[in-house]
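Only one structure is covered here, and it is reproduced in the block below.
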Amino acid sequence: MRILVIGSGAREHALLRALRRDPAVTDLHIAPGNAGTASLADAHPVSVTDPEAVAALAVTLEADLVVIGPEVPLVAGAADAVRAAGIPAFGPGAAAAQIEGSKAFAKDVMAAAGVPTAAAVSVEDVAGIDAALDTCGSPYVVKDDGLAAGKGVVVTEDRAVAYAHAADVLAGGHPVLVERFLDGPEVSLFAVCDGTRAVPLLPAQDFKRRNDNDEGPNTGGMGAYAPLDWAPADLVATVQATVLDPVVAEMARRGTPFTGLLYAGLVLTERGPEVIEFNCRFGDPETQVVLELLETPLAGLLKASADGDLSGHTELSWRSGSAVTVVVAAENYPGTPVIGDPIVGADLDGVLHAGTSRGLDGEVLSAGGRVLSAVGSGADLVAARAAAYALVDQIELRGSHHRTDIALAAAEGRL
Ligand code: AMP
Ligand code: GLY
């Protein structure tokens with residue numbers, strides 16, 4: 001199989017590593033990729049926001065499968081364009097990708113499918129902000145109803161801060177969604193879908209806040225681990241029955257069947273799992289840990305999804321043990337990151353690249369907000385954390401920051 005992967009993050013680096021392990025894979029290509037993916041795949045420049053450019057590259061390469069990593073090309077219709085060119089694509093078309101592209105659309109699908117989620121009020125102008133904050137109450141949850149790379153959400157008990165964020169988002173021309181706060185631990189559950197079936201992967205936990213103890217602003221994700229030994233034994237079966245299956249059925253009923261990766265972002269409330277968001281693609285950084293533990297050959301699984309028939313892939317196999325990833329971020333991330341600095345330790349085994357590029361002398365330079373994702377695995381979470389942080393300790397990047405408490409509470413049995 002000749003596979004083209006679209007994207008340039010640590011998620012795509014992890015996808016390439018897992019695809020390389022599948023004996024069915026002969027050739028790997030990436031567009032645009034980063035400094036770390038070059039050793040695994042041939043790199044091609046492409047504008048990921050241009051669906052026709054993605055499809056044209058796939059045709060030129062005579063790809064057997066295109067795996068689209070990020071949400072931006074999916075929402076823009078890259079999977080549709082690739083399929084229209086006669087090549088199987090892993091990922092939903094633009095219509096189904098609206099499950100991530102519009103939070104209001106996702107709420108509508110959930111309401112129709114009876115999926116438990118936080119009550120929400122959509123706000124179209126500043127005159128509606130106060131009433132929405134009153135209805136949903138404190139802690140206030142105020143969301144940008146558009147793609148915001150995980151950074152468009154403010155959760156706060158400070159009404160003035162909540163109001164100001166809502167007004168900012170409206171001023172930027174986007175509608176706002178105000179939600180009721182869901183209380184409980186967060187879980188990310190991915191499912192590979194073929195339009196009628198959802199095959200769940202291992203549940204993982206992501207750390208969204210910038211700083212230790214879940215303080216500071218929201219980010220795209222500062223670390224993750226899997227599996228969740230503390231979670232109820234029936235978690236995956238419950239989410240399959242109450243969330244994944246009803247959503248896949250509702251999307252098919254609407255004539256926009258969901259193929260590709262359905263990411264359910266959940267809170268385990270006292271009432272059971274409730275949805276805070278859907279994404280239409282693999283999560284970053286959760287993918288780095290979930291794929292670290294996957295034994296089932298990945299290319300065959302993604303190709304079956306793209307071909308619309310997962311019937312032979314409903315039982316996946318997993319390595320025992322745990323995996324942890326710690327993100328090393330550039331100075332000032334999640335604000336505008338400082339870039340262009342040399343990195344020591346970027347080529348260590350287990351260090352996946354995100355925002356990196358090569359300098360003129362082949363040195364690795366920082367080129368984005370989330371720069372590296374160090375992945376460790378081991379017999380349990382204590383060992384996996386030790387392996388991941390041993391890598392982080394060898395990385396040097398001026399001004400960089402990382403969290404020191406990824407998977408700590410779970411490793412200490414405090415969840
Ligand atoms: P989202 O972009 O919708 O995933 O939101 C980003 C983060 O904000 C989530 O991972 C949660 O930590 C938090 N969040 C979003 N919605 C809620 C909610 N209704 N209740 C509690 N926390 C939330
Ligand atoms: N880790 C959160 C996301 O991928 O959206």
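As shown in the structure tokens, the chain order sets the letters A, B, ...; within each chain, residues go from 1, and ligands are also counted from 1 in the order they appear.
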
Would you name the residues within 10 Å of ligand 2, counting only C-alpha atoms and all ligand atoms, and put them as a PyMOL selection string? chain A and resi 11+70-71+100+148-151+188+204-208+219-224+263-265+277-287

Spatial neighbours of Ala56 in chain A, max dist 10 Å, only C-alpha atoms, sep filter under 5 positions, as a short mmCIF file (atom, residue, chain, number, x, y, z; two decimals) with C-alpha atoms, in the first residue's frame:
data_model
loop_
_atom_site.label_atom_id
_atom_site.label_comp_id
_atom_site.auth_asym_id
_atom_site.auth_seq_id
_atom_site.Cartn_x
_atom_site.Cartn_y
_atom_site.Cartn_z
CA VAL A 46 1.08 21.23 -0.21
CA PRO A 51 -8.64 20.30 -1.34
CA LEU A 61 1.75 9.81 -6.23
CA GLU A 62 -0.74 7.10 -7.30
CA ALA A 81 -11.78 15.92 -3.40
CA VAL A 82 -9.57 12.84 -2.94
CA ALA A 85 -10.34 11.64 -7.88
#

Name each residue within 7 Å of ligand 1, counting only C-alpha atoms and all ligand atoms, as a short mmCIF file (atom, residue, chain, number, x, y, z; two decimals) with C-alpha atoms, in the first residue's frame.
data_model
loop_
_atom_site.label_atom_id
_atom_site.label_comp_id
_atom_site.auth_asym_id
_atom_site.auth_seq_id
_atom_site.Cartn_x
_atom_site.Cartn_y
_atom_site.Cartn_z
CA ALA A 118 -24.36 19.90 28.27
CA VAL A 141 -18.43 27.90 29.76
CA LYS A 143 -17.15 28.78 23.34
CA GLY A 150 -8.81 24.00 21.29
CA LYS A 151 -8.16 27.59 22.30
CA GLY A 152 -11.60 29.13 21.76
CA VAL A 153 -13.10 28.02 25.08
CA VAL A 154 -13.08 29.91 28.34
CA VAL A 155 -14.23 28.21 31.57
CA GLU A 179 -22.94 25.92 28.00
CA ARG A 180 -23.79 24.43 31.35
CA PHE A 181 -20.62 23.27 33.17
CA LEU A 182 -20.10 19.49 33.31
CA ASP A 183 -18.40 18.26 36.46
CA LYS A 208 -5.77 20.80 28.08
CA ASN A 218 -6.60 26.14 27.40
CA GLY A 265 -14.65 14.36 24.18
CA ILE A 276 -18.46 18.15 25.54
CA GLU A 277 -17.31 18.03 21.94
#

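When only C-alpha atoms are used to measure the gap to Ile3 in chain A, the shortest distance among A:Gly300, A:Gly101, A:Pro257, A:Gly184 belongs to A:Gly300.
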
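You can rank A:Ala104, A:Ala96, A:Val324, A:Leu15 by their closest distance to Gly260 in chain A using only C-alpha atoms, and at the top of that list sits A:Ala96.
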